[in-house]
file model28.pdb (PDB, C-alpha atoms and all ligand atoms)
MODEL        1
ATOM      1  CA  MET F   1      17.035  31.881  39.000
ATOM      2  CA  SER F   2      20.413  32.470  37.507
ATOM      3  CA  ASN F   3      21.750  35.997  37.871
ATOM      4  CA  ALA F   4      25.374  35.461  37.016
ATOM      5  CA  ILE F   5      27.104  37.254  34.191
ATOM      6  CA  ARG F   6      28.243  34.921  31.402
ATOM      7  CA  ILE F   7      31.826  36.009  30.797
ATOM      8  CA  ASP F   8      32.093  36.165  27.028
ATOM      9  CA  GLY F   9      35.685  35.160  26.324
ATOM     10  CA  LYS F  10      34.969  34.834  22.644
ATOM     11  CA  ALA F  11      33.867  38.464  22.322
ATOM     12  CA  LYS F  12      36.752  39.746  24.444
ATOM     13  CA  ALA F  13      39.222  37.688  22.439
ATOM     14  CA  ALA F  14      37.807  39.030  19.167
ATOM     15  CA  GLU F  15      38.176  42.598  20.410
ATOM     16  CA  LEU F  16      41.792  42.039  21.472
ATOM     17  CA  SER F  17      42.547  40.216  18.228
ATOM     18  CA  GLU F  18      41.345  43.214  16.284
ATOM     19  CA  GLN F  19      43.772  45.458  18.196
ATOM     20  CA  ILE F  20      46.619  42.995  17.605
ATOM     21  CA  THR F  21      45.788  42.862  13.882
ATOM     22  CA  ALA F  22      45.813  46.671  13.661
ATOM     23  CA  GLU F  23      49.126  46.905  15.554
ATOM     24  CA  THR F  24      50.619  44.226  13.308
ATOM     25  CA  ALA F  25      49.645  46.183  10.194
ATOM     26  CA  ALA F  26      51.209  49.334  11.668
ATOM     27  CA  LEU F  27      54.385  47.441  12.575
ATOM     28  CA  LYS F  28      54.700  46.213   8.984
ATOM     29  CA  GLU F  29      54.048  49.619   7.526
ATOM     30  CA  GLN F  30      56.242  51.649   9.839
ATOM     31  CA  HIS F  31      59.097  49.223  10.461
ATOM     32  CA  GLY F  32      58.843  46.561   7.738
ATOM     33  CA  LEU F  33      58.525  43.966  10.492
ATOM     34  CA  GLN F  34      56.085  41.037  10.369
ATOM     35  CA  PRO F  35      55.682  38.981  13.558
ATOM     36  CA  GLY F  36      56.419  35.294  12.919
ATOM     37  CA  LEU F  37      55.081  32.313  14.882
ATOM     38  CA  ALA F  38      56.343  28.735  14.520
ATOM     39  CA  VAL F  39      54.220  25.975  16.011
ATOM     40  CA  VAL F  40      55.707  22.506  16.395
ATOM     41  CA  ILE F  41      53.427  19.517  16.804
ATOM     42  CA  ILE F  42      54.688  16.008  17.438
ATOM     43  CA  GLY F  43      52.434  13.005  16.859
ATOM     44  CA  GLU F  44      48.767  12.615  16.026
ATOM     45  CA  ASP F  45      46.855  13.573  19.188
ATOM     46  CA  PRO F  46      43.527  14.766  17.710
ATOM     47  CA  ALA F  47      42.858  17.485  20.321
ATOM     48  CA  SER F  48      46.379  18.898  19.881
ATOM     49  CA  GLN F  49      45.932  18.858  16.086
ATOM     50  CA  VAL F  50      42.817  21.022  16.453
ATOM     51  CA  TYR F  51      44.480  23.465  18.890
ATOM     52  CA  VAL F  52      47.532  23.833  16.654
ATOM     53  CA  ARG F  53      45.462  24.377  13.518
ATOM     54  CA  ASN F  54      43.507  27.083  15.330
ATOM     55  CA  LYS F  55      46.700  28.773  16.497
ATOM     56  CA  GLY F  56      48.040  28.843  12.918
ATOM     57  CA  LYS F  57      44.769  30.175  11.517
ATOM     58  CA  ARG F  58      44.571  32.913  14.095
ATOM     59  CA  ALA F  59      48.204  33.901  13.495
ATOM     60  CA  GLU F  60      47.461  34.288   9.788
ATOM     61  CA  GLY F  61      44.295  36.222  10.630
ATOM     62  CA  CYS F  62      46.375  38.681  12.658
ATOM     63  CA  GLY F  63      48.717  39.160   9.685
ATOM     64  CA  PHE F  64      51.604  37.137  11.108
ATOM     65  CA  TYR F  65      54.044  34.942   9.234
ATOM     66  CA  SER F  66      52.912  31.515  10.428
ATOM     67  CA  VAL F  67      54.582  28.127  10.050
ATOM     68  CA  GLN F  68      53.671  24.711  11.365
ATOM     69  CA  HIS F  69      56.173  21.885  11.741
ATOM     70  CA  SER F  70      54.489  18.486  12.070
ATOM     71  CA  LEU F  71      56.847  15.768  13.291
ATOM     72  CA  ASP F  72      56.214  12.026  13.525
ATOM     73  CA  ALA F  73      55.306  10.599  16.926
ATOM     74  CA  ASP F  74      58.564   8.591  16.976
ATOM     75  CA  VAL F  75      60.873  11.488  16.070
ATOM     76  CA  ALA F  76      64.240  11.434  17.852
ATOM     77  CA  GLN F  77      64.798  14.035  20.547
ATOM     78  CA  ASP F  78      67.935  15.309  18.776
ATOM     79  CA  ALA F  79      65.885  16.031  15.659
ATOM     80  CA  VAL F  80      63.440  18.107  17.721
ATOM     81  CA  LEU F  81      66.307  20.019  19.338
ATOM     82  CA  GLU F  82      67.855  20.613  15.921
ATOM     83  CA  LEU F  83      64.591  22.077  14.611
ATOM     84  CA  ILE F  84      64.284  24.348  17.653
ATOM     85  CA  ASP F  85      67.877  25.487  17.151
ATOM     86  CA  GLU F  86      67.051  26.425  13.548
ATOM     87  CA  LEU F  87      63.950  28.327  14.664
ATOM     88  CA  ASN F  88      65.919  30.070  17.433
ATOM     89  CA  ASN F  89      68.254  31.364  14.707
ATOM     90  CA  ASP F  90      65.597  32.217  12.117
ATOM     91  CA  ASP F  91      65.028  35.995  11.970
ATOM     92  CA  ARG F  92      61.551  35.561  10.490
ATOM     93  CA  ILE F  93      60.425  33.735  13.625
ATOM     94  CA  HIS F  94      59.727  35.665  16.841
ATOM     95  CA  GLY F  95      57.672  33.093  18.719
ATOM     96  CA  ILE F  96      58.160  29.311  19.040
ATOM     97  CA  LEU F  97      55.600  26.968  20.562
ATOM     98  CA  VAL F  98      55.980  23.211  20.969
ATOM     99  CA  GLN F  99      52.515  21.790  21.580
ATOM    100  CA  LEU F 100      52.214  19.686  24.755
ATOM    101  CA  PRO F 101      51.791  16.915  25.767
ATOM    102  CA  LEU F 102      54.747  15.253  24.042
ATOM    103  CA  PRO F 103      55.123  11.537  23.263
ATOM    104  CA  ASP F 104      56.587   9.656  26.250
ATOM    105  CA  HIS F 105      60.078   9.126  24.810
ATOM    106  CA  LEU F 106      60.710  12.886  24.612
ATOM    107  CA  ASP F 107      61.882  14.932  27.585
ATOM    108  CA  GLU F 108      59.519  17.873  27.978
ATOM    109  CA  GLN F 109      61.886  19.883  30.132
ATOM    110  CA  THR F 110      64.878  19.569  27.801
ATOM    111  CA  ILE F 111      62.717  20.575  24.862
ATOM    112  CA  THR F 112      60.921  23.539  26.446
ATOM    113  CA  GLN F 113      64.190  24.844  27.915
ATOM    114  CA  SER F 114      65.905  24.705  24.505
ATOM    115  CA  ILE F 115      63.628  27.459  23.166
ATOM    116  CA  SER F 116      65.278  30.872  23.341
ATOM    117  CA  PRO F 117      63.701  32.817  26.261
ATOM    118  CA  ALA F 118      63.211  35.746  23.852
ATOM    119  CA  LYS F 119      61.042  33.530  21.583
ATOM    120  CA  ASP F 120      59.328  31.618  24.402
ATOM    121  CA  VAL F 121      55.785  32.869  23.757
ATOM    122  CA  ASP F 122      54.397  30.049  25.929
ATOM    123  CA  GLY F 123      56.272  31.419  28.948
ATOM    124  CA  PHE F 124      57.578  27.960  29.884
ATOM    125  CA  HIS F 125      61.319  28.788  29.964
ATOM    126  CA  PHE F 126      62.856  29.008  33.448
ATOM    127  CA  ILE F 127      63.940  32.601  32.696
ATOM    128  CA  ASN F 128      60.334  33.622  32.085
ATOM    129  CA  ILE F 129      59.006  31.564  35.005
ATOM    130  CA  GLY F 130      61.642  33.236  37.205
ATOM    131  CA  LYS F 131      60.639  36.710  36.079
ATOM    132  CA  LEU F 132      56.961  35.941  36.673
ATOM    133  CA  THR F 133      57.424  34.438  40.119
ATOM    134  CA  SER F 134      59.972  36.988  41.334
ATOM    135  CA  GLY F 135      57.639  39.895  40.653
ATOM    136  CA  ASN F 136      59.133  41.047  37.344
ATOM    137  CA  VAL F 137      55.929  40.233  35.466
ATOM    138  CA  ALA F 138      56.178  43.189  33.095
ATOM    139  CA  ASP F 139      59.394  41.719  31.692
ATOM    140  CA  ALA F 140      58.215  38.095  31.396
ATOM    141  CA  PHE F 141      56.378  36.189  28.724
ATOM    142  CA  VAL F 142      53.395  35.047  30.760
ATOM    143  CA  PRO F 143      51.802  31.654  29.922
ATOM    144  CA  CYS F 144      48.816  32.276  27.657
ATOM    145  CA  THR F 145      45.980  30.583  29.559
ATOM    146  CA  PRO F 146      46.589  32.259  32.937
ATOM    147  CA  ALA F 147      47.266  35.586  31.197
ATOM    148  CA  GLY F 148      43.857  35.362  29.512
ATOM    149  CA  CYS F 149      42.141  34.332  32.773
ATOM    150  CA  MET F 150      43.689  37.329  34.508
ATOM    151  CA  LEU F 151      42.279  39.785  31.957
ATOM    152  CA  MET F 152      38.788  38.378  32.509
ATOM    153  CA  ILE F 153      39.176  38.543  36.298
ATOM    154  CA  GLU F 154      40.328  42.181  36.030
ATOM    155  CA  ASP F 155      37.248  43.046  33.967
ATOM    156  CA  HIS F 156      35.022  42.038  36.868
ATOM    157  CA  LEU F 157      37.115  42.870  39.923
ATOM    158  CA  GLY F 158      39.685  45.453  38.807
ATOM    159  CA  ALA F 159      43.465  45.117  38.614
ATOM    160  CA  ASP F 160      44.016  45.290  42.375
ATOM    161  CA  LEU F 161      42.644  42.205  44.129
ATOM    162  CA  SER F 162      43.636  43.345  47.650
ATOM    163  CA  GLY F 163      41.420  41.801  50.292
ATOM    164  CA  LEU F 164      40.121  39.071  47.990
ATOM    165  CA  LYS F 165      40.712  35.347  48.423
ATOM    166  CA  ALA F 166      41.533  33.359  45.299
ATOM    167  CA  VAL F 167      41.535  29.589  44.978
ATOM    168  CA  VAL F 168      43.281  27.881  42.074
ATOM    169  CA  ILE F 169      42.337  24.224  41.628
ATOM    170  CA  GLY F 170      45.211  22.489  39.849
ATOM    171  CA  ARG F 171      48.988  22.875  40.146
ATOM    172  CA  SER F 172      50.183  22.361  36.577
ATOM    173  CA  ASN F 173      53.119  24.285  35.160
ATOM    174  CA  ILE F 174      50.938  25.464  32.262
ATOM    175  CA  VAL F 175      48.044  26.878  34.299
ATOM    176  CA  GLY F 176      47.898  26.374  38.085
ATOM    177  CA  LYS F 177      51.337  27.604  39.138
ATOM    178  CA  PRO F 178      51.551  30.674  36.862
ATOM    179  CA  MET F 179      47.916  31.518  37.683
ATOM    180  CA  GLY F 180      48.776  31.574  41.383
ATOM    181  CA  ALA F 181      51.753  33.862  40.688
ATOM    182  CA  LEU F 182      49.618  36.333  38.705
ATOM    183  CA  LEU F 183      46.899  36.450  41.355
ATOM    184  CA  LEU F 184      49.521  36.991  44.058
ATOM    185  CA  LYS F 185      51.101  39.794  42.027
ATOM    186  CA  ALA F 186      47.632  41.405  41.886
ATOM    187  CA  ASN F 187      47.510  41.287  45.731
ATOM    188  CA  ALA F 188      44.988  38.463  46.099
ATOM    189  CA  THR F 189      45.400  35.988  48.945
ATOM    190  CA  VAL F 190      46.010  32.776  47.025
ATOM    191  CA  THR F 191      45.423  29.109  47.845
ATOM    192  CA  THR F 192      46.500  26.502  45.310
ATOM    193  CA  CYS F 193      44.604  23.228  45.647
ATOM    194  CA  HIS F 194      45.144  19.839  44.009
ATOM    195  CA  SER F 195      44.093  16.210  44.179
ATOM    196  CA  ARG F 196      45.480  15.786  47.708
ATOM    197  CA  THR F 197      43.856  18.863  49.222
ATOM    198  CA  PRO F 198      41.524  17.926  52.099
ATOM    199  CA  ASP F 199      37.994  19.365  52.040
ATOM    200  CA  LEU F 200      38.307  20.963  48.630
ATOM    201  CA  PRO F 201      34.650  22.126  48.618
ATOM    202  CA  GLY F 202      35.209  23.882  51.950
ATOM    203  CA  VAL F 203      38.304  25.677  50.651
ATOM    204  CA  VAL F 204      36.562  26.754  47.443
ATOM    205  CA  ARG F 205      33.521  27.983  49.408
ATOM    206  CA  ASP F 206      35.729  30.621  51.044
ATOM    207  CA  ALA F 207      36.986  32.073  47.734
ATOM    208  CA  ASP F 208      36.008  35.299  45.989
ATOM    209  CA  ILE F 209      37.815  34.087  42.866
ATOM    210  CA  VAL F 210      37.859  30.460  41.707
ATOM    211  CA  VAL F 211      40.028  29.216  38.857
ATOM    212  CA  ALA F 212      39.341  25.561  38.035
ATOM    213  CA  ALA F 213      42.012  23.740  36.033
ATOM    214  CA  VAL F 214      41.806  20.068  36.941
ATOM    215  CA  GLY F 215      40.372  18.280  33.923
ATOM    216  CA  ARG F 216      37.392  16.730  35.722
ATOM    217  CA  PRO F 217      34.070  17.432  34.036
ATOM    218  CA  ASN F 218      31.574  19.491  36.076
ATOM    219  CA  MET F 219      33.442  18.843  39.340
ATOM    220  CA  VAL F 220      32.876  22.302  40.845
ATOM    221  CA  THR F 221      29.173  22.767  41.520
ATOM    222  CA  GLY F 222      27.171  25.735  42.738
ATOM    223  CA  GLU F 223      27.202  24.259  46.248
ATOM    224  CA  TRP F 224      30.954  24.869  46.347
ATOM    225  CA  ILE F 225      30.725  28.501  45.305
ATOM    226  CA  LYS F 226      30.638  31.532  47.594
ATOM    227  CA  PRO F 227      27.786  33.889  46.676
ATOM    228  CA  GLY F 228      29.124  36.643  44.417
ATOM    229  CA  ALA F 229      32.362  34.853  43.450
ATOM    230  CA  VAL F 230      33.978  35.170  40.026
ATOM    231  CA  VAL F 231      34.487  31.707  38.526
ATOM    232  CA  ILE F 232      36.956  30.961  35.736
ATOM    233  CA  ASP F 233      36.690  27.517  34.136
ATOM    234  CA  VAL F 234      39.866  26.368  32.385
ATOM    235  CA  GLY F 235      38.675  22.771  31.860
ATOM    236  CA  ILE F 236      38.100  21.410  28.369
ATOM    237  CA  ASN F 237      36.641  17.921  28.801
ATOM    238  CA  ARG F 238      35.061  15.858  26.074
ATOM    239  CA  VAL F 239      32.057  13.942  27.434
ATOM    240  CA  GLU F 240      29.439  11.688  25.868
ATOM    241  CA  VAL F 241      25.837  12.836  26.193
ATOM    242  CA  GLU F 242      22.541  11.310  25.097
ATOM    243  CA  VAL F 243      20.525  13.540  22.759
ATOM    244  CA  ASP F 244      17.253  12.080  21.421
ATOM    245  CA  GLY F 245      18.523   8.564  22.064
ATOM    246  CA  GLU F 246      21.809   9.245  20.259
ATOM    247  CA  THR F 247      25.218   9.406  21.893
ATOM    248  CA  ARG F 248      27.039  12.613  21.072
ATOM    249  CA  SER F 249      30.289  14.061  22.244
ATOM    250  CA  LYS F 250      30.375  17.572  23.666
ATOM    251  CA  LEU F 251      32.830  19.845  25.441
ATOM    252  CA  THR F 252      32.312  20.661  29.085
ATOM    253  CA  GLY F 253      34.358  22.483  31.687
ATOM    254  CA  ASP F 254      35.488  21.613  35.211
ATOM    255  CA  VAL F 255      32.647  23.752  36.545
ATOM    256  CA  ASP F 256      28.984  22.788  36.478
ATOM    257  CA  TYR F 257      28.007  25.982  34.669
ATOM    258  CA  ASP F 258      24.272  26.086  35.423
ATOM    259  CA  SER F 259      24.516  25.481  39.165
ATOM    260  CA  ALA F 260      27.525  27.821  39.482
ATOM    261  CA  CYS F 261      25.486  30.566  37.783
ATOM    262  CA  GLU F 262      22.854  30.284  40.531
ATOM    263  CA  VAL F 263      25.377  31.537  43.079
ATOM    264  CA  ALA F 264      28.289  33.298  41.405
ATOM    265  CA  LYS F 265      28.646  36.888  40.205
ATOM    266  CA  ALA F 266      30.208  35.848  36.900
ATOM    267  CA  VAL F 267      31.206  32.551  35.265
ATOM    268  CA  THR F 268      33.098  31.644  32.080
ATOM    269  CA  PRO F 269      31.284  29.171  29.826
ATOM    270  CA  VAL F 270      32.924  26.206  28.059
ATOM    271  CA  PRO F 271      33.288  26.570  25.137
ATOM    272  CA  GLY F 272      33.512  30.333  24.599
ATOM    273  CA  GLY F 273      35.299  31.400  27.781
ATOM    274  CA  VAL F 274      38.974  30.776  28.491
ATOM    275  CA  GLY F 275      39.804  28.919  25.222
ATOM    276  CA  PRO F 276      39.543  31.840  22.797
ATOM    277  CA  MET F 277      41.447  34.077  25.236
ATOM    278  CA  THR F 278      44.350  31.598  25.387
ATOM    279  CA  ILE F 279      44.919  31.780  21.626
ATOM    280  CA  THR F 280      44.652  35.560  21.685
ATOM    281  CA  MET F 281      47.303  35.854  24.393
ATOM    282  CA  LEU F 282      49.600  33.737  22.232
ATOM    283  CA  MET F 283      49.189  36.340  19.484
ATOM    284  CA  PHE F 284      49.770  39.102  22.031
ATOM    285  CA  ASN F 285      53.006  37.450  23.196
ATOM    286  CA  THR F 286      54.190  36.897  19.615
ATOM    287  CA  LEU F 287      53.581  40.533  18.632
ATOM    288  CA  ARG F 288      55.424  41.592  21.775
ATOM    289  CA  ALA F 289      58.343  39.256  20.977
ATOM    290  CA  ALA F 290      58.594  40.794  17.502
ATOM    291  CA  ARG F 291      58.557  44.335  18.892
ATOM    292  CA  LEU F 292      61.160  43.456  21.529
ATOM    293  CA  SER F 293      63.419  41.871  18.881
ATOM    294  CA  ALA F 294      63.500  45.200  17.040
ATOM    295  CA  GLY F 295      64.033  47.279  20.194
ATOM    296  CA  LEU F 296      60.578  48.820  19.837
ATOM    297  CA  GLU F 297      59.506  47.844  23.338
ATOM    298  CA  SER F 298      61.436  47.576  26.562
TER     299      SER F 298
HETATM  300  N1  LIG F 301      48.939  22.154  25.614
HETATM  301  C1  LIG F 301      47.852  22.604  26.293
HETATM  302  N2  LIG F 301      47.962  23.930  26.541
HETATM  303  C2  LIG F 301      49.135  24.316  25.998
HETATM  304  C3  LIG F 301      49.799  25.579  25.923
HETATM  305  O1  LIG F 301      49.339  26.619  26.421
HETATM  306  N3  LIG F 301      50.994  25.572  25.274
HETATM  307  C4  LIG F 301      51.531  24.442  24.737
HETATM  308  N4  LIG F 301      52.720  24.542  24.132
HETATM  309  N5  LIG F 301      50.941  23.260  24.798
HETATM  310  C5  LIG F 301      49.751  23.201  25.426
ENDMDL
END

call {"tool": "encode", "arguments": {"input": "model28.pdb", "output": "structure tokens", "more": "lines below"}}
Ligand code: GUN
result
Amino acid sequence: MSNAIRIDGKAKAAELSEQITAETAALKEQHGLQPGLAVVIIGEDPASQVYVRNKGKRAEGCGFYSVQHSLDADVAQDAVLELIDELNNDDRIHGILVQLPLPDHLDEQTITQSISPAKDVDGFHFINIGKLTSGNVADAFVPCTPAGCMLMIEDHLGADLSGLKAVVIGRSNIVGKPMGALLLKANATVTTCHSRTPDLPGVVRDADIVVAAVGRPNMVTGEWIKPGAVVIDVGINRVEVEVDGETRSKLTGDVDYDSACEVAKAVTPVPGGVGPMTITMLMFNTLRAARLSAGLES
């Protein structure tokens, strides 16, 4: 029997989006300021195309000024840097996001570090990483996926995670590392695991909070989960399944949802968990960037 709560990221994201939309309307009315988001996509990666389209749609839905720059897969690095320089100096734009991964010939670090820290709504600039990891979280732009995960964890465990053990599976710059920093800031005792961690199931079994961000479909099963744990599944894996003799493609997380629900207190589904929250936090960061640019927030 499954007793776990299904953490409804879609509903939470819709609620937050509504607040952001209302605050955006008030910002326009009271200060004549419209938050602006520029999304840059390079190449034809189909998954990235979908994510970027969704980001643009949501930005428009919130009442933002929204632009998308689509560059060819073989674009020269200087041309990318030139575009970012223009966006850094464009007063209509408060947030800039360059969708990752980039084609191999482009240097991710040079490109992400060329975005002005004040417009870095992804939270990938060293200035923002430094603020996050040195305890100045309130002043940082926090990467969107971990920020969204944190809000869902807080809903179930409160803002102070003192005494709780958290395990993050995955050490990426986008999710694993900033996730660990946020959990630490909230007083959890944090272990970050990765592909070379010995006895991963044993480590996970000790955790009150599990955040899985590895990109391996259904890797974390109920047998790995401590009874009563809160489980956050960041994975978005496309897998082929047989339905009525037909092969179909479906999305699945890094967590085996059904078996995890047998043991855990609460689990995020895929889709409908972390994904919608990530986009919402991007809108949150962009609204904040706009307010900061006008001195309306400190
Ligand atoms: N690719 C996958 N996730 C992200 C993200 O949060 N930001 C950017 N820029 N690219 C991504």

call {"tool": "residues_near_ligand", "arguments": {"input": "model28.pdb", "ligand": "ligand LIG 301 (chain F)", "cutoff": "9 Å", "atoms": "all atoms listed in the file", "output": "list in words"}}
result
Val39, Val40, Ile41, Ser48, Tyr51, Val52, Ile96, Leu97, Val98, Gln99, Leu100, Pro101, Leu102, Thr112, Val121, Asp122, Gly123, Phe124, Pro143, Cys144, Thr145, Ile174, Val175, Thr278, Ile279 and Leu282 of chain F

call {"tool": "resolve_selection", "arguments": {"input": "model28.pdb", "expression": "the PyMOL selection byres (((chain F and resi 105) around 9) and not hetatm)", "output": "list in words"}}
result
Asp74, Ala76, Gln77, Leu102, Pro103, Asp104, Leu106 and Asp107 of chain F

call {"tool": "residues_near_point", "arguments": {"input": "model28.pdb", "point": "(35.3, 31.5, 28.8)", "cutoff": "8 Å", "atoms": "only C-alpha atoms", "output": "compact mmCIF listing (two decimals) with C-alpha atoms, in the frame of the given file"}}
result
# COMPACT_ATOMS: atom_id res chain seq x y z
CA ILE F 7 31.83 36.01 30.80
CA ASP F 8 32.09 36.16 27.03
CA GLY F 9 35.68 35.16 26.32
CA LYS F 10 34.97 34.83 22.64
CA ILE F 232 36.96 30.96 35.74
CA ASP F 233 36.69 27.52 34.14
CA VAL F 234 39.87 26.37 32.38
CA VAL F 267 31.21 32.55 35.26
CA THR F 268 33.10 31.64 32.08
CA PRO F 269 31.28 29.17 29.83
CA VAL F 270 32.92 26.21 28.06
CA PRO F 271 33.29 26.57 25.14
CA GLY F 272 33.51 30.33 24.60
CA GLY F 273 35.30 31.40 27.78
CA VAL F 274 38.97 30.78 28.49
CA GLY F 275 39.80 28.92 25.22
CA PRO F 276 39.54 31.84 22.80
CA MET F 277 41.45 34.08 25.24

call {"tool": "atom_distance", "arguments": {"input": "model28.pdb", "atom1": "CA of Val211 (chain F)", "atom2": "CA of Phe284 (chain F)"}}
result
21.8 Å

call {"tool": "atom_distance", "arguments": {"input": "model28.pdb", "atom1": "CA of Gly63 (chain F)", "atom2": "CA of Cys149 (chain F)"}}
result
24.5 Å

call {"tool": "atom_distance", "arguments": {"input": "model28.pdb", "atom1": "CA of Arg6 (chain F)", "atom2": "CA of Ala260 (chain F)"}}
result
10.8 Å

call {"tool": "residues_around", "arguments": {"input": "model28.pdb", "residues": "Asn89 (chain F)", "least_positions_apart": "6", "cutoff": "12 Å", "atoms": "all atoms listed in the file", "output": "list in words"}}
result
Glu82, Leu83, Gly95, Ile96, Ile115, Ser116, Ala118 and Lys119 of chain F

call {"tool": "resolve_selection", "arguments": {"input": "model28.pdb", "expression": "the PyMOL selection byres (((chain F and resi 61) around 12) and not hetatm)", "output": "PDB file with C-alpha atoms, in the coordinates of the input"}}
result
ATOM      1  CA  ALA F  14      37.807  39.030  19.167  1.00  0.00           C
ATOM      2  CA  SER F  17      42.547  40.216  18.228  1.00  0.00           C
ATOM      3  CA  GLU F  18      41.345  43.214  16.284  1.00  0.00           C
ATOM      4  CA  GLN F  19      43.772  45.458  18.196  1.00  0.00           C
ATOM      5  CA  ILE F  20      46.619  42.995  17.605  1.00  0.00           C
ATOM      6  CA  THR F  21      45.788  42.862  13.882  1.00  0.00           C
ATOM      7  CA  ALA F  22      45.813  46.671  13.661  1.00  0.00           C
ATOM      8  CA  THR F  24      50.619  44.226  13.308  1.00  0.00           C
ATOM      9  CA  ALA F  25      49.645  46.183  10.194  1.00  0.00           C
ATOM     10  CA  ASN F  54      43.507  27.083  15.330  1.00  0.00           C
ATOM     11  CA  LYS F  55      46.700  28.773  16.497  1.00  0.00           C
ATOM     12  CA  GLY F  56      48.040  28.843  12.918  1.00  0.00           C
ATOM     13  CA  LYS F  57      44.769  30.175  11.517  1.00  0.00           C
ATOM     14  CA  ARG F  58      44.571  32.913  14.095  1.00  0.00           C
ATOM     15  CA  ALA F  59      48.204  33.901  13.495  1.00  0.00           C
ATOM     16  CA  GLU F  60      47.461  34.288   9.788  1.00  0.00           C
ATOM     17  CA  CYS F  62      46.375  38.681  12.658  1.00  0.00           C
ATOM     18  CA  GLY F  63      48.717  39.160   9.685  1.00  0.00           C
ATOM     19  CA  PHE F  64      51.604  37.137  11.108  1.00  0.00           C
ATOM     20  CA  TYR F  65      54.044  34.942   9.234  1.00  0.00           C
ATOM     21  CA  SER F  66      52.912  31.515  10.428  1.00  0.00           C
ATOM     22  CA  ILE F 279      44.919  31.780  21.626  1.00  0.00           C
ATOM     23  CA  THR F 280      44.652  35.560  21.685  1.00  0.00           C
ATOM     24  CA  MET F 283      49.189  36.340  19.484  1.00  0.00           C
TER      25      MET F 283
END

call {"tool": "resolve_selection", "arguments": {"input": "model28.pdb", "expression": "the PyMOL selection byres (((chain F and resi 223) around 12) and not hetatm)", "output": "tab-separated table (two decimals) with C-alpha atoms, in the coordinates of the input"}}
result
chain	number	residue	atom	x	y	z
F	200	LEU	CA	38.31	20.96	48.63
F	201	PRO	CA	34.65	22.13	48.62
F	202	GLY	CA	35.21	23.88	51.95
F	204	VAL	CA	36.56	26.75	47.44
F	205	ARG	CA	33.52	27.98	49.41
F	206	ASP	CA	35.73	30.62	51.04
F	219	MET	CA	33.44	18.84	39.34
F	220	VAL	CA	32.88	22.30	40.84
F	221	THR	CA	29.17	22.77	41.52
F	222	GLY	CA	27.17	25.74	42.74
F	224	TRP	CA	30.95	24.87	46.35
F	225	ILE	CA	30.72	28.50	45.30
F	226	LYS	CA	30.64	31.53	47.59
F	227	PRO	CA	27.79	33.89	46.68
F	255	VAL	CA	32.65	23.75	36.54
F	256	ASP	CA	28.98	22.79	36.48
F	257	TYR	CA	28.01	25.98	34.67
F	258	ASP	CA	24.27	26.09	35.42
F	259	SER	CA	24.52	25.48	39.16
F	260	ALA	CA	27.52	27.82	39.48
F	261	CYS	CA	25.49	30.57	37.78
F	262	GLU	CA	22.85	30.28	40.53
F	263	VAL	CA	25.38	31.54	43.08
F	264	ALA	CA	28.29	33.30	41.40

call {"tool": "residues_near_point", "arguments": {"input": "model28.pdb", "point": "(63.0, 36.1, 14.5)", "cutoff": "10 Å", "atoms": "only C-alpha atoms", "output": "number ranges by chain"}}
result
F: 33-38, 87-96, 118-119, 289-290, 293-294
